[in-house]
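Data from final_19.csv: CSV, C-alpha atoms and all ligand atoms
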```
chain,number,residue,atom,x,y,z
A,1296,MET,CA,-31.8,6.1,12.8
A,1297,SER,CA,-31.8,3.7,15.7
A,1298,THR,CA,-29.8,0.5,15.1
A,1299,ILE,CA,-28.9,-2.6,17.0
A,1300,SER,CA,-25.5,-4.3,16.4
A,1301,ILE,CA,-25.5,-8.0,15.6
A,1302,PRO,CA,-22.3,-10.1,15.6
A,1303,LYS,CA,-21.4,-11.3,12.1
A,1304,GLU,CA,-21.4,-15.1,12.8
A,1305,LYS,CA,-24.9,-14.8,14.4
A,1306,LEU,CA,-26.3,-12.9,11.5
A,1307,THR,CA,-24.7,-15.2,8.9
A,1308,ASN,CA,-26.1,-18.3,10.6
A,1309,TYR,CA,-29.5,-16.7,10.9
A,1310,VAL,CA,-29.6,-15.7,7.3
A,1311,LYS,CA,-28.2,-19.1,6.1
A,1312,ASN,CA,-30.9,-20.9,8.1
A,1313,ILE,CA,-33.6,-18.7,6.4
A,1314,PHE,CA,-32.2,-19.5,3.0
A,1315,LEU,CA,-32.1,-23.3,3.8
A,1316,LYS,CA,-35.8,-23.1,4.9
A,1317,ALA,CA,-36.6,-21.2,1.7
A,1318,GLY,CA,-35.3,-24.2,-0.2
A,1319,LEU,CA,-31.7,-23.3,-1.2
A,1320,GLU,CA,-29.2,-26.1,-1.1
A,1321,GLU,CA,-26.5,-26.1,1.6
A,1322,GLU,CA,-23.6,-24.5,-0.4
A,1323,ALA,CA,-25.8,-21.9,-2.1
A,1324,ALA,CA,-27.4,-20.9,1.2
A,1325,ASP,CA,-24.0,-20.6,2.8
A,1326,VAL,CA,-22.4,-18.6,-0.1
A,1327,THR,CA,-25.4,-16.3,-0.3
A,1328,ALA,CA,-25.6,-15.6,3.4
A,1329,ARG,CA,-21.8,-15.0,3.6
A,1330,HIS,CA,-22.0,-12.6,0.6
A,1331,LEU,CA,-24.8,-10.5,2.1
A,1332,VAL,CA,-23.2,-10.3,5.5
A,1333,PHE,CA,-19.8,-9.4,3.9
A,1334,ALA,CA,-21.6,-6.5,2.1
A,1335,ASN,CA,-22.9,-5.3,5.5
A,1336,LEU,CA,-19.4,-5.8,7.1
A,1337,ARG,CA,-17.9,-3.5,4.4
A,1338,GLY,CA,-20.6,-0.9,5.0
A,1339,VAL,CA,-22.4,-1.6,1.6
A,1340,ASP,CA,-25.7,-2.0,3.5
A,1341,SER,CA,-27.7,-1.5,0.3
A,1342,HIS,CA,-26.5,-5.0,-0.8
A,1343,GLY,CA,-26.5,-6.7,2.5
A,1344,VAL,CA,-29.1,-8.7,4.4
A,1345,THR,CA,-31.8,-6.1,3.4
A,1346,ARG,CA,-32.0,-8.4,0.3
A,1347,VAL,CA,-33.0,-11.5,2.2
A,1348,SER,CA,-36.8,-10.9,2.0
A,1349,ILE,CA,-36.9,-10.2,-1.7
A,1350,TYR,CA,-34.8,-13.3,-2.5
A,1351,CYS,CA,-37.1,-15.4,-0.3
A,1352,LYS,CA,-40.2,-14.0,-1.9
A,1353,ARG,CA,-38.9,-14.9,-5.3
A,1354,LEU,CA,-37.9,-18.4,-4.1
A,1355,ALA,CA,-41.4,-18.9,-2.7
A,1356,ALA,CA,-43.0,-17.7,-5.9
A,1357,GLY,CA,-40.8,-20.2,-7.9
A,1358,THR,CA,-39.3,-17.3,-9.8
A,1359,ILE,CA,-35.8,-18.3,-8.7
A,1360,ASN,CA,-34.9,-22.0,-9.1
A,1361,PRO,CA,-33.7,-23.4,-5.8
A,1362,HIS,CA,-32.0,-26.4,-7.4
A,1363,PRO,CA,-30.3,-25.1,-10.6
A,1364,GLN,CA,-28.1,-27.3,-12.8
A,1365,ILE,CA,-25.4,-24.7,-13.5
A,1366,ARG,CA,-23.8,-25.9,-16.7
A,1367,VAL,CA,-20.8,-25.0,-18.9
A,1368,GLU,CA,-22.2,-24.3,-22.4
A,1369,ARG,CA,-19.0,-23.2,-24.2
A,1370,GLU,CA,-15.4,-23.5,-23.1
A,1371,THR,CA,-11.9,-22.9,-24.2
A,1372,PRO,CA,-8.8,-23.0,-21.9
A,1373,ALA,CA,-9.2,-19.2,-21.3
A,1374,SER,CA,-13.0,-18.8,-21.3
A,1375,ALA,CA,-16.3,-20.4,-20.3
A,1376,LEU,CA,-19.9,-19.5,-20.7
A,1377,LEU,CA,-22.1,-20.7,-17.8
A,1378,HIS,CA,-25.9,-21.2,-18.0
A,1379,ALA,CA,-27.1,-20.4,-14.5
A,1380,ASP,CA,-30.4,-22.2,-14.9
A,1381,ASN,CA,-32.2,-19.3,-13.1
A,1382,GLY,CA,-30.5,-20.1,-9.8
A,1383,ILE,CA,-29.9,-17.6,-7.1
A,1384,GLY,CA,-27.5,-15.0,-8.6
A,1385,ILE,CA,-24.9,-14.7,-5.9
A,1386,TYR,CA,-24.1,-18.4,-6.0
A,1387,SER,CA,-24.0,-18.5,-9.8
A,1388,ALA,CA,-21.8,-15.5,-9.9
A,1389,THR,CA,-19.5,-16.9,-7.3
A,1390,LYS,CA,-19.1,-20.1,-9.3
A,1391,GLY,CA,-18.4,-17.9,-12.4
A,1392,MET,CA,-15.6,-16.1,-10.7
A,1393,GLU,CA,-14.1,-19.3,-9.2
A,1394,MET,CA,-13.9,-20.7,-12.7
A,1395,ALA,CA,-12.4,-17.5,-14.1
A,1396,ILE,CA,-9.7,-17.6,-11.4
A,1397,GLU,CA,-9.0,-21.3,-12.0
A,1398,LYS,CA,-8.6,-20.7,-15.7
A,1399,ALA,CA,-6.5,-17.6,-15.3
A,1400,LYS,CA,-4.1,-19.4,-13.1
A,1401,LYS,CA,-3.5,-21.9,-15.9
A,1402,SER,CA,-3.8,-19.7,-19.0
A,1403,GLY,CA,-2.7,-16.4,-17.6
A,1404,ILE,CA,-5.9,-14.6,-18.5
A,1405,ALA,CA,-9.5,-15.8,-18.6
A,1406,VAL,CA,-13.0,-14.5,-19.2
A,1407,VAL,CA,-16.2,-16.2,-17.8
A,1408,GLY,CA,-19.7,-15.2,-18.7
A,1409,VAL,CA,-22.8,-16.2,-16.8
A,1410,TYR,CA,-26.3,-15.9,-18.2
A,1411,GLU,CA,-29.9,-16.9,-17.2
A,1412,SER,CA,-28.9,-15.5,-13.8
A,1413,ASN,CA,-30.4,-13.3,-11.0
A,1414,HIS,CA,-29.3,-10.3,-8.9
A,1415,CYS,CA,-25.7,-11.0,-7.9
A,1416,GLY,CA,-25.2,-8.4,-5.1
A,1417,MET,CA,-22.0,-6.5,-4.4
A,1418,LEU,CA,-19.5,-7.0,-7.2
A,1419,ALA,CA,-16.5,-6.2,-5.0
A,1420,ALA,CA,-17.0,-9.6,-3.4
A,1421,TYR,CA,-16.1,-11.3,-6.7
A,1422,THR,CA,-13.1,-9.1,-7.7
A,1423,LEU,CA,-11.7,-9.4,-4.2
A,1424,GLN,CA,-12.0,-13.2,-4.4
A,1425,ALA,CA,-9.5,-12.9,-7.4
A,1426,ALA,CA,-7.2,-10.3,-5.8
A,1427,GLN,CA,-6.8,-12.5,-2.7
A,1428,GLN,CA,-5.4,-15.1,-5.1
A,1429,ASP,CA,-3.0,-12.7,-6.7
A,1430,CYS,CA,-5.0,-11.9,-9.8
A,1431,ILE,CA,-6.2,-8.6,-11.2
A,1432,ALA,CA,-9.9,-8.8,-11.9
A,1433,MET,CA,-12.9,-7.0,-13.4
A,1434,ALA,CA,-16.6,-7.8,-13.0
A,1435,THR,CA,-19.7,-6.5,-14.5
A,1436,THR,CA,-23.4,-7.3,-14.3
A,1437,ASN,CA,-26.5,-5.8,-15.9
A,1438,ALA,CA,-29.7,-5.0,-14.0
A,1439,PRO,CA,-33.3,-4.0,-14.4
A,1440,SER,CA,-33.9,-0.8,-16.4
A,1441,LEU,CA,-34.2,2.4,-14.4
A,1442,ILE,CA,-32.0,4.8,-16.4
A,1443,ALA,CA,-32.7,6.5,-19.7
A,1444,PRO,CA,-30.1,6.5,-22.5
A,1445,TRP,CA,-28.5,9.9,-22.6
A,1446,GLY,CA,-31.2,12.4,-23.9
A,1447,GLY,CA,-34.0,9.9,-23.4
A,1448,LYS,CA,-36.8,10.0,-20.8
A,1449,GLU,CA,-37.7,6.3,-20.6
A,1450,PRO,CA,-35.8,3.8,-18.5
A,1451,PHE,CA,-33.6,1.4,-20.6
A,1452,PHE,CA,-30.4,0.6,-18.7
A,1453,GLY,CA,-29.9,-0.8,-15.2
A,1454,THR,CA,-27.6,0.7,-12.6
A,1455,ASN,CA,-25.0,-1.6,-14.3
A,1456,PRO,CA,-22.1,-1.8,-11.8
A,1457,PHE,CA,-18.5,-2.3,-12.6
A,1458,SER,CA,-15.7,-3.5,-10.2
A,1459,TYR,CA,-12.0,-4.1,-10.4
A,1460,ALA,CA,-9.5,-5.3,-7.8
A,1461,VAL,CA,-5.7,-5.4,-7.7
A,1462,PRO,CA,-3.5,-7.2,-5.2
A,1463,VAL,CA,-1.2,-5.1,-3.1
A,1464,ALA,CA,1.6,-6.2,-0.8
A,1465,GLY,CA,0.5,-6.1,2.9
A,1466,GLY,CA,-3.1,-7.1,2.0
A,1467,GLN,CA,-4.1,-3.5,1.1
A,1468,ASP,CA,-5.8,-4.7,-2.1
A,1469,ILE,CA,-7.4,-2.0,-4.1
A,1470,VAL,CA,-11.0,-2.7,-5.0
A,1471,PHE,CA,-13.2,-0.3,-6.8
A,1472,ASP,CA,-16.9,-1.1,-7.2
A,1473,MET,CA,-19.5,1.4,-8.4
A,1474,ALA,CA,-22.9,1.5,-10.1
A,1475,THR,CA,-22.7,3.5,-13.3
A,1476,SER,CA,-25.7,5.4,-12.0
A,1477,VAL,CA,-25.2,8.3,-9.5
A,1478,ALA,CA,-26.3,5.8,-6.8
A,1479,ALA,CA,-27.1,2.1,-6.7
A,1480,ARG,CA,-30.9,1.5,-6.6
A,1481,GLY,CA,-30.2,-0.4,-3.4
A,1482,LYS,CA,-29.3,2.9,-1.7
A,1483,ILE,CA,-32.7,4.4,-2.8
A,1484,LEU,CA,-34.5,1.3,-1.6
A,1485,LEU,CA,-32.7,1.5,1.7
A,1486,ALA,CA,-33.7,5.2,2.1
A,1487,LYS,CA,-37.3,4.2,1.4
A,1488,GLN,CA,-37.1,1.4,3.9
A,1489,ASN,CA,-35.7,3.7,6.5
A,1490,ASN,CA,-38.1,6.6,5.7
A,1491,GLN,CA,-35.2,8.9,4.6
A,1492,GLN,CA,-34.9,11.3,1.7
A,1493,ILE,CA,-32.3,10.9,-1.1
A,1494,PRO,CA,-29.9,13.6,-2.1
A,1495,LEU,CA,-31.0,15.9,-4.9
A,1496,GLY,CA,-29.3,14.9,-8.2
A,1497,TRP,CA,-29.8,11.1,-7.8
A,1498,ALA,CA,-33.0,10.8,-9.7
A,1499,LEU,CA,-35.9,12.4,-11.6
A,1500,THR,CA,-39.6,11.8,-11.2
A,1501,LYS,CA,-41.5,10.0,-14.0
A,1502,ASP,CA,-42.2,13.6,-15.3
A,1503,GLY,CA,-38.5,14.4,-15.5
A,1504,GLU,CA,-38.5,16.7,-12.4
A,1505,PRO,CA,-35.7,16.5,-9.7
A,1506,THR,CA,-36.8,14.7,-6.5
A,1507,THR,CA,-35.5,13.8,-3.0
A,1508,ASP,CA,-38.4,11.3,-2.5
A,1509,PRO,CA,-37.2,7.7,-2.8
A,1510,ASN,CA,-40.7,6.5,-3.9
A,1511,GLU,CA,-40.9,9.1,-6.7
A,1512,ALA,CA,-37.3,8.1,-7.7
A,1513,LEU,CA,-38.2,4.4,-7.9
A,1514,GLU,CA,-41.1,5.2,-10.2
A,1515,GLY,CA,-39.1,7.7,-12.3
A,1516,ILE,CA,-35.5,7.6,-13.6
A,1517,ILE,CA,-32.2,7.3,-11.8
A,1518,LEU,CA,-29.4,9.5,-13.4
A,1519,PRO,CA,-26.1,8.1,-14.8
A,1520,VAL,CA,-22.9,9.1,-13.0
A,1521,GLY,CA,-21.1,11.9,-14.8
A,1522,GLY,CA,-23.8,12.5,-17.5
A,1523,HIS,CA,-22.9,11.2,-21.0
A,1524,LYS,CA,-19.7,9.6,-19.7
A,1525,GLY,CA,-21.5,7.4,-17.2
A,1526,TYR,CA,-23.9,6.5,-20.0
A,1527,GLY,CA,-21.0,5.4,-22.1
A,1528,LEU,CA,-19.7,3.1,-19.3
A,1529,MET,CA,-23.3,1.8,-18.7
A,1530,VAL,CA,-23.4,0.8,-22.4
A,1531,MET,CA,-20.1,-1.1,-22.0
A,1532,VAL,CA,-21.3,-2.9,-18.9
A,1533,GLU,CA,-24.6,-3.9,-20.7
A,1534,VAL,CA,-22.6,-5.2,-23.7
A,1535,LEU,CA,-20.2,-7.3,-21.7
A,1536,SER,CA,-22.8,-8.6,-19.2
A,1537,ALA,CA,-25.8,-9.2,-21.5
A,1538,LEU,CA,-25.1,-9.0,-25.3
A,1539,PHE,CA,-21.8,-10.9,-25.0
A,1540,THR,CA,-23.2,-13.7,-22.7
A,1541,GLY,CA,-26.7,-14.1,-24.2
A,1542,ALA,CA,-28.5,-12.6,-21.2
A,1543,GLN,CA,-31.6,-10.3,-21.6
A,1544,PHE,CA,-30.7,-6.7,-22.1
A,1545,GLY,CA,-32.2,-3.3,-21.3
A,1546,PRO,CA,-36.0,-3.3,-20.7
A,1547,HIS,CA,-36.2,-7.1,-21.4
A,1548,VAL,CA,-34.6,-7.8,-17.9
A,1549,GLY,CA,-37.1,-8.7,-15.2
A,1550,ASP,CA,-37.4,-6.3,-12.3
A,1551,MET,CA,-37.5,-8.2,-9.0
A,1552,TYR,CA,-39.0,-5.2,-7.2
A,1553,LYS,CA,-41.8,-4.7,-9.7
A,1554,SER,CA,-42.9,-8.3,-10.3
A,1555,ALA,CA,-42.4,-11.3,-8.0
A,1556,THR,CA,-42.9,-13.6,-11.0
A,1557,ALA,CA,-40.8,-12.1,-13.7
A,1558,GLN,CA,-37.5,-13.9,-14.1
A,1559,GLN,CA,-34.6,-11.5,-14.3
A,1560,ARG,CA,-32.4,-13.4,-16.8
A,1561,VAL,CA,-29.4,-11.1,-16.2
A,1562,GLY,CA,-25.8,-11.8,-17.1
A,1563,HIS,CA,-22.4,-11.2,-15.4
A,1564,THR,CA,-18.9,-11.2,-16.9
A,1565,PHE,CA,-15.7,-11.9,-15.0
A,1566,ILE,CA,-12.3,-11.1,-16.5
A,1567,VAL,CA,-9.2,-12.2,-14.6
A,1568,MET,CA,-5.5,-12.1,-15.2
A,1569,ARG,CA,-2.6,-13.3,-13.2
A,1570,ALA,CA,-0.8,-10.3,-11.6
A,1571,ASP,CA,2.6,-11.9,-12.4
A,1572,LEU,CA,2.0,-12.1,-16.2
A,1573,PHE,CA,4.5,-9.3,-16.9
A,1574,HIS,CA,6.7,-9.2,-13.8
A,1575,ASP,CA,7.4,-11.4,-10.7
A,1576,LEU,CA,4.5,-11.3,-8.3
A,1577,ASP,CA,6.6,-9.9,-5.4
A,1578,LYS,CA,7.9,-7.1,-7.6
A,1579,PHE,CA,4.4,-6.2,-8.9
A,1580,LYS,CA,2.9,-6.2,-5.4
A,1581,GLN,CA,5.7,-4.2,-3.9
A,1582,ARG,CA,5.4,-1.6,-6.7
A,1583,MET,CA,1.6,-1.5,-6.0
A,1584,TYR,CA,2.4,-0.9,-2.3
A,1585,GLN,CA,4.7,2.0,-3.2
A,1586,PHE,CA,2.1,3.4,-5.6
A,1587,VAL,CA,-0.6,3.2,-2.9
A,1588,HIS,CA,1.7,5.0,-0.4
A,1589,GLU,CA,2.8,7.7,-2.8
A,1590,ILE,CA,-0.9,8.4,-3.6
A,1591,LYS,CA,-1.7,8.6,0.1
A,1592,SER,CA,1.2,11.1,0.6
A,1593,VAL,CA,-0.1,13.6,-1.9
A,1594,ALA,CA,-0.6,17.1,-0.4
A,1595,LYS,CA,-4.2,17.3,0.8
A,1596,LEU,CA,-6.9,19.9,0.4
A,1597,LYS,CA,-7.6,21.9,3.6
A,1598,ASP,CA,-10.7,20.0,4.6
A,1599,THR,CA,-9.3,16.6,3.8
A,1600,GLU,CA,-8.0,14.5,6.6
A,1601,GLU,CA,-6.8,11.5,4.6
A,1602,ILE,CA,-6.6,10.4,1.0
A,1603,TYR,CA,-8.1,6.9,0.5
A,1604,LEU,CA,-7.7,4.3,-2.2
A,1605,PRO,CA,-10.8,2.6,-3.7
A,1606,GLY,CA,-12.0,0.0,-1.2
A,1607,GLU,CA,-10.1,1.4,1.7
A,1608,LEU,CA,-13.1,3.0,3.5
A,1609,GLU,CA,-14.9,-0.3,3.2
A,1610,ARG,CA,-11.8,-2.2,4.6
A,1611,ILE,CA,-11.8,0.2,7.6
A,1612,GLN,CA,-15.6,-0.4,8.0
A,1613,TYR,CA,-15.1,-4.1,7.8
A,1614,GLN,CA,-12.5,-4.1,10.6
A,1615,LYS,CA,-14.8,-2.0,12.8
A,1616,ARG,CA,-18.0,-4.1,12.2
A,1617,ALA,CA,-16.2,-7.4,12.4
A,1618,ALA,CA,-15.2,-6.4,15.9
A,1619,GLU,CA,-18.3,-4.5,17.1
A,1620,GLY,CA,-21.1,-6.1,15.2
A,1621,ILE,CA,-23.3,-5.0,12.2
A,1622,PRO,CA,-25.7,-2.2,13.0
A,1623,LEU,CA,-29.2,-3.1,11.6
A,1624,SER,CA,-32.2,-0.7,11.7
A,1625,ARG,CA,-35.3,-1.8,13.7
A,1626,GLU,CA,-37.2,-1.8,10.4
A,1627,LEU,CA,-34.7,-4.3,8.8
A,1628,LEU,CA,-34.7,-6.4,12.0
A,1629,GLU,CA,-38.5,-6.6,11.8
A,1630,ASP,CA,-38.3,-7.5,8.1
A,1631,LEU,CA,-35.8,-10.3,8.8
A,1632,THR,CA,-37.8,-11.6,11.8
A,1633,GLU,CA,-41.0,-11.6,9.7
A,1634,THR,CA,-39.3,-13.6,6.9
A,1635,ALA,CA,-37.8,-16.1,9.5
A,1636,HIS,CA,-41.2,-16.6,11.1
A,1637,ARG,CA,-42.8,-17.3,7.8
A,1638,TYR,CA,-40.5,-20.4,7.7
A,1639,GLY,CA,-41.2,-21.3,11.3
A,1640,ILE,CA,-37.8,-20.2,12.6
A,1641,SER,CA,-38.2,-19.3,16.2
A,1642,GLU,CA,-34.6,-18.4,16.9
A,1643,ARG,CA,-34.2,-14.7,17.7
A,1644,LEU,CA,-31.5,-12.2,16.5
A,1645,ILE,CA,-32.0,-10.0,19.6
B,1,LIG,N1,-25.9,-6.6,-8.6
B,1,LIG,C1,-26.5,-5.5,-9.1
B,1,LIG,O1,-27.4,-5.6,-9.9
B,1,LIG,C2,-26.0,-4.1,-8.6
B,1,LIG,C3,-26.4,-3.0,-9.3
B,1,LIG,C4,-25.9,-1.8,-8.9
B,1,LIG,C5,-25.0,-1.7,-7.9
B,1,LIG,N2,-24.6,-2.8,-7.2
B,1,LIG,C6,-23.7,-2.7,-6.1
B,1,LIG,O2,-24.0,-1.5,-5.3
B,1,LIG,C7,-22.8,-1.2,-4.5
B,1,LIG,C8,-22.8,0.3,-4.3
B,1,LIG,O3,-22.4,1.0,-5.5
B,1,LIG,P1,-22.2,2.6,-5.4
B,1,LIG,O4,-22.1,3.1,-6.8
B,1,LIG,O5,-23.3,3.2,-4.6
B,1,LIG,O6,-20.8,2.7,-4.6
B,1,LIG,P2,-20.2,3.9,-3.9
B,1,LIG,O7,-20.5,5.2,-4.6
B,1,LIG,O8,-20.5,3.8,-2.4
B,1,LIG,O9,-18.6,3.6,-4.0
B,1,LIG,C9,-18.0,3.5,-5.3
B,1,LIG,C10,-16.5,3.3,-5.1
B,1,LIG,O10,-15.9,4.5,-4.7
B,1,LIG,C11,-14.9,4.2,-3.6
B,1,LIG,N3,-14.9,5.4,-2.8
B,1,LIG,C12,-15.9,5.9,-2.1
B,1,LIG,N4,-15.5,7.0,-1.4
B,1,LIG,C13,-14.2,7.2,-1.6
B,1,LIG,C14,-13.2,8.1,-1.2
B,1,LIG,N5,-13.5,9.1,-0.4
B,1,LIG,N6,-11.9,7.9,-1.7
B,1,LIG,C15,-11.6,6.9,-2.5
B,1,LIG,N7,-12.5,6.0,-2.9
B,1,LIG,C16,-13.8,6.1,-2.5
B,1,LIG,C17,-15.5,3.0,-2.9
B,1,LIG,O11,-14.4,2.3,-2.3
B,1,LIG,C18,-16.1,2.2,-4.1
B,1,LIG,O12,-15.1,1.4,-4.7
B,1,LIG,C19,-21.7,-1.9,-5.3
B,1,LIG,O13,-21.2,-2.9,-4.5
B,1,LIG,C20,-22.3,-2.4,-6.6
B,1,LIG,O14,-21.6,-3.6,-7.0
B,1,LIG,C21,-25.1,-4.0,-7.6
```
Turn this file's structure into structure tokens for me.
Ligand SMILES: NC(=O)c1ccc[n+]([C@@H]2O[C@H](COP(=O)([O-])OP(=O)(O)OC[C@H]3O[C@@H](n4cnc5c(N)ncnc54)[C@H](O)[C@@H]3O)[C@@H](O)[C@H]2O)c1
Amino acid sequence: MSTISIPKEKLTNYVKNIFLKAGLEEEAADVTARHLVFANLRGVDSHGVTRVSIYCKRLAAGTINPHPQIRVERETPASALLHADNGIGIYSATKGMEMAIEKAKKSGIAVVGVYESNHCGMLAAYTLQAAQQDCIAMATTNAPSLIAPWGGKEPFFGTNPFSYAVPVAGGQDIVFDMATSVAARGKILLAKQNNQQIPLGWALTKDGEPTTDPNEALEGIILPVGGHKGYGLMVMVEVLSALFTGAQFGPHVGDMYKSATAQQRVGHTFIVMRADLFHDLDKFKQRMYQFVHEIKSVAKLKDTEEIYLPGELERIQYQKRAAEGIPLSRELLEDLTETAHRYGISERLI
């Protein structure tokens, strides 16, 4: 696939400008643009600037509220429930995580739920936000239904991701972030956009047959990771993100790729605890450092060059792309340019 590298600041400013023209307020445009470019920098291209056009289409259709009044509906010193007023999901989720960190710093541990929200992108961005402030964090969100309950053949659950992050001395924070499906839908969408096949085992057609065609996969069912075990995790993510917060669940969630006008009404949950709750911070982070290095020193299989911790490959990718630029496919560049032109932006990325 032929790509062109774009420097991160240039891409961030370009995307932010599009969001401003699409009607978002300054802070929300900035936070959303930075989040998407951060996903690309970490190599999570499925949740990067490829999402700009769909967010803009939904803003243009009035399906996402550009001027939400995010409000606290219930609160204790260690918890809060935020009503996102159908605002852009990445901004609402960022506010939810900020509040969870602030509360955890005072109370030791905190949980913040967000509902009436929209697609919130790459969960690692939120848990890393907390790890960088010396907290251990978990994040969940529910998503439009694409996956059958174990044994069923109709979609019910979303790709329901889960992330955790832990601070480590030396800035080598561990951050795990996975869809509870075999692959995030964004990866299938990206394959479709780039005219690529998907690996066998990711999805079934609507008739229940294995497929490598992203179009058939998107009309059919995506498989849970690890069979019934992934299904069990998916149920937990749905409960925390939707039943607990009051968001829509299962097939009641609006699918942004199937209807421009259906509100998503998804929920997210953020659980944060101070890393120094049981032991001094330095001691904890040093032991984490030792833990990481002992893991990496384990004898390797013959074809393995290095053992990685969750999030480490993305950190390596970040360093490379921050220095060399973000490779974007010609199709994606065209898509971004088309969106920019729609708002009368004449500035060019290349
Ligand atoms: N907002 C939403 O609605 C939504 C829905 C689904 C997924 N997502 C996002 O999609 C993104 C991609 O999810 P995914 O399931 O495809 O992730 P993935 O399979 O690429 O990675 C999952 C995790 O495995 C780790 N990992 C990968 N290779 C490794 C190795 N060799 N050694 C050690 N660790 C390794 C990664 O660091 C990552 O933490 C995530 O950011 C997720 O939050 C968002």
(message) Taking (-32.8, 15.9, -11.6) as a centre in this file's frame and 12 Å as the limit, can you find every polymer residue with an atom that close, using all atoms listed in the file, and give them as a PyMOL selection string?
(response) chain A and resi 1448+1477+1493-1508+1511-1512+1515-1519+1522
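The space separating atom CA of Glu1397 of chain A from atom CA of Val1409 of chain A comes to 15.5 Å.
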(message) Which residues are close to segment 1311-1317 of chain A, i.e. within 12 Å by only C-alpha atoms, leaving aside same-chain residues fewer than 4 positions away? Reply as a PyMOL selection string.
(response) chain A and resi 1303-1307+1321-1332+1344+1346-1357+1359-1362+1383+1631-1643
Could you write out the selected residues, including C-alpha atoms, as a PDB file, keeping the file's coordinate frame?
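And here's out-v9.pdb as it stands now:
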```
ATOM      1  CA  LYS A1303     -21.400 -11.300  12.100  1.00  0.00           C
ATOM      2  CA  GLU A1304     -21.400 -15.100  12.800  1.00  0.00           C
ATOM      3  CA  LYS A1305     -24.900 -14.800  14.400  1.00  0.00           C
ATOM      4  CA  LEU A1306     -26.300 -12.900  11.500  1.00  0.00           C
ATOM      5  CA  THR A1307     -24.700 -15.200   8.900  1.00  0.00           C
ATOM      6  CA  GLU A1321     -26.500 -26.100   1.600  1.00  0.00           C
ATOM      7  CA  GLU A1322     -23.600 -24.500  -0.400  1.00  0.00           C
ATOM      8  CA  ALA A1323     -25.800 -21.900  -2.100  1.00  0.00           C
ATOM      9  CA  ALA A1324     -27.400 -20.900   1.200  1.00  0.00           C
ATOM     10  CA  ASP A1325     -24.000 -20.600   2.800  1.00  0.00           C
ATOM     11  CA  VAL A1326     -22.400 -18.600  -0.100  1.00  0.00           C
ATOM     12  CA  THR A1327     -25.400 -16.300  -0.300  1.00  0.00           C
ATOM     13  CA  ALA A1328     -25.600 -15.600   3.400  1.00  0.00           C
ATOM     14  CA  ARG A1329     -21.800 -15.000   3.600  1.00  0.00           C
ATOM     15  CA  HIS A1330     -22.000 -12.600   0.600  1.00  0.00           C
ATOM     16  CA  LEU A1331     -24.800 -10.500   2.100  1.00  0.00           C
ATOM     17  CA  VAL A1332     -23.200 -10.300   5.500  1.00  0.00           C
ATOM     18  CA  VAL A1344     -29.100  -8.700   4.400  1.00  0.00           C
ATOM     19  CA  ARG A1346     -32.000  -8.400   0.300  1.00  0.00           C
ATOM     20  CA  VAL A1347     -33.000 -11.500   2.200  1.00  0.00           C
ATOM     21  CA  SER A1348     -36.800 -10.900   2.000  1.00  0.00           C
ATOM     22  CA  ILE A1349     -36.900 -10.200  -1.700  1.00  0.00           C
ATOM     23  CA  TYR A1350     -34.800 -13.300  -2.500  1.00  0.00           C
ATOM     24  CA  CYS A1351     -37.100 -15.400  -0.300  1.00  0.00           C
ATOM     25  CA  LYS A1352     -40.200 -14.000  -1.900  1.00  0.00           C
ATOM     26  CA  ARG A1353     -38.900 -14.900  -5.300  1.00  0.00           C
ATOM     27  CA  LEU A1354     -37.900 -18.400  -4.100  1.00  0.00           C
ATOM     28  CA  ALA A1355     -41.400 -18.900  -2.700  1.00  0.00           C
ATOM     29  CA  ALA A1356     -43.000 -17.700  -5.900  1.00  0.00           C
ATOM     30  CA  GLY A1357     -40.800 -20.200  -7.900  1.00  0.00           C
ATOM     31  CA  ILE A1359     -35.800 -18.300  -8.700  1.00  0.00           C
ATOM     32  CA  ASN A1360     -34.900 -22.000  -9.100  1.00  0.00           C
ATOM     33  CA  PRO A1361     -33.700 -23.400  -5.800  1.00  0.00           C
ATOM     34  CA  HIS A1362     -32.000 -26.400  -7.400  1.00  0.00           C
ATOM     35  CA  ILE A1383     -29.900 -17.600  -7.100  1.00  0.00           C
ATOM     36  CA  LEU A1631     -35.800 -10.300   8.800  1.00  0.00           C
ATOM     37  CA  THR A1632     -37.800 -11.600  11.800  1.00  0.00           C
ATOM     38  CA  GLU A1633     -41.000 -11.600   9.700  1.00  0.00           C
ATOM     39  CA  THR A1634     -39.300 -13.600   6.900  1.00  0.00           C
ATOM     40  CA  ALA A1635     -37.800 -16.100   9.500  1.00  0.00           C
ATOM     41  CA  HIS A1636     -41.200 -16.600  11.100  1.00  0.00           C
ATOM     42  CA  ARG A1637     -42.800 -17.300   7.800  1.00  0.00           C
ATOM     43  CA  TYR A1638     -40.500 -20.400   7.700  1.00  0.00           C
ATOM     44  CA  GLY A1639     -41.200 -21.300  11.300  1.00  0.00           C
ATOM     45  CA  ILE A1640     -37.800 -20.200  12.600  1.00  0.00           C
ATOM     46  CA  SER A1641     -38.200 -19.300  16.200  1.00  0.00           C
ATOM     47  CA  GLU A1642     -34.600 -18.400  16.900  1.00  0.00           C
ATOM     48  CA  ARG A1643     -34.200 -14.700  17.700  1.00  0.00           C
TER      49      ARG A1643
END
```
(request) Kindly provide, as an MDAnalysis selection string, all nucleotide and amino acid residues lying within 9 Å of ligand LIG 1 (chain B), counting all atoms listed in the file. (result) chainID A and resid 1334 1338:1342 1384:1385 1413:1420 1434:1439 1453:1459 1469:1482 1520 1561 1563 1601:1610
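Between atom CA of Tyr1526 of chain A and atom CA of Pro1450 of chain A there is a distance of 12.3 Å.
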(request) Work out how far atom CA of Val1587 of chain A is from atom CA of Gln1614 of chain A, in Å to one decimal. (result)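 Interatomic distance, atom CA of Gln1614 of chain A to atom CA of Val1587 of chain A: 19.4 Å.
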